[in-house]
Amino acid sequence: MTQLIHEQQKTAYSTLKGDFAWTNVMQTPKIEKVVVSVGVGKMTKDKAKIALVIDRLAKITGQKPISRGAKKAVATFKTRIGDVIGYQVTLRGKRKEDFLNRLIHVALPRTKDFKGISKTAVDEMGNYTLGIKEHSVFPETADEELKDVFGMAITIVTTATTRESALAYLEHLGLPFKK
């Protein structure tokens with residue numbers, strides 16, 4: 001798998017070096033990690049639904065999620081500092097590559113009325129954040145009941161220094177952007 005990543009780096013460098021005046025292969029952006037997070041919001045009182053979210057997120061990513069606590073107390077949302085408000089998984093290495101492969105080639109094409117993902121979601125630091133409304137687009141969870149559907153945020157963290165280089169690199173990798 002590492003050899004494949006290395007070859008992908010070389011092809012990205014050779015394809016994009018003219019656009020960004022790169023002089024070395026090491027200047028080519030890389031994907032550092034993929035962060036998948038789910039907010040539990042209204043489900044915080046229902047232990048069965050939280051267990052379901054943890055189980056399905058573990059099935060989708062292949063890794064056990066960790067809980068994330070509230071950083072501030074907000075009275076209108078009835079949260080206190082430290083209350084569990086979401087779950088998160090950070091993927092690196094082979095799991096990252098496998099997840100991105102399933103996301104690009106299986107999950108995104110299965111979304112309803114899919115016409116591509118937005119190019120505007122790349123931030124100034126070169127990271128791409130994608131929101132998915134239904135977790136059931138992943139084949140690992142598609143056969144289960146559809147009454148407890150939740151959304152997730154997927155952040156692809158790159159080493160790109162600019163928004164433009166990150167966007168060009170992600171297009172080279174095959175992310176299906178809108179035309």
# chains A, B, ... in the order shown; residues from 1 in each chain; ligands from 1
>>> closest_atom_pairs(of="region 28-113 of chain A", to="region 147-170 of chain A", cutoff="10 Å", atoms="only C-alpha atoms", output="CSV")
residue,atom,partner,partner_atom,distance
A:Thr28,CA,A:Ala160,CA,7.5
A:Pro29,CA,A:Ala160,CA,4.7
A:Lys30,CA,A:Thr159,CA,5.4
A:Ile31,CA,A:Thr158,CA,4.3
A:Glu32,CA,A:Thr158,CA,5.3
A:Lys33,CA,A:Val157,CA,5.4
A:Val34,CA,A:Ile156,CA,4.7
A:Val35,CA,A:Thr155,CA,5.1
A:Val36,CA,A:Ile154,CA,4.6
A:Ser37,CA,A:Ala153,CA,5.3
A:Val38,CA,A:Met152,CA,4.8
A:Gly39,CA,A:Met152,CA,7.4
A:Val40,CA,A:Phe150,CA,8.5
A:Lys49,CA,A:Asp148,CA,7.5
A:Leu52,CA,A:Asp148,CA,8.3
A:Val53,CA,A:Phe150,CA,7.8
A:Arg56,CA,A:Phe150,CA,9.9
A:Leu57,CA,A:Met152,CA,9.2
A:Tyr87,CA,A:Met152,CA,9.7
A:Gln88,CA,A:Ala153,CA,9.4
A:Val89,CA,A:Ile154,CA,9.7
A:Thr90,CA,A:Thr155,CA,9.5
A:Leu91,CA,A:Ile156,CA,9.7
A:Lys96,CA,A:Ile156,CA,9.5
A:Leu100,CA,A:Ile156,CA,9.0
A:Leu103,CA,A:Ile154,CA,9.8
>>> select_by_dssp(residues="region 6-174 of chain A", states="alpha helix (DSSP H)", output="NGL selection string")
:A and (6-20 or 47-61 or 93-102 or 108-110 or 163-173)
>>> closest_residue(among="A:Asp46, A:His172, A:Thr23, A:Arg92", to="Gly62 (chain A)", atoms="only C-alpha atoms")
A:Arg92
>>> atom_distance(atom1="CA of Ile50 (chain A)", atom2="CA of Lys64 (chain A)")
13.3 Å
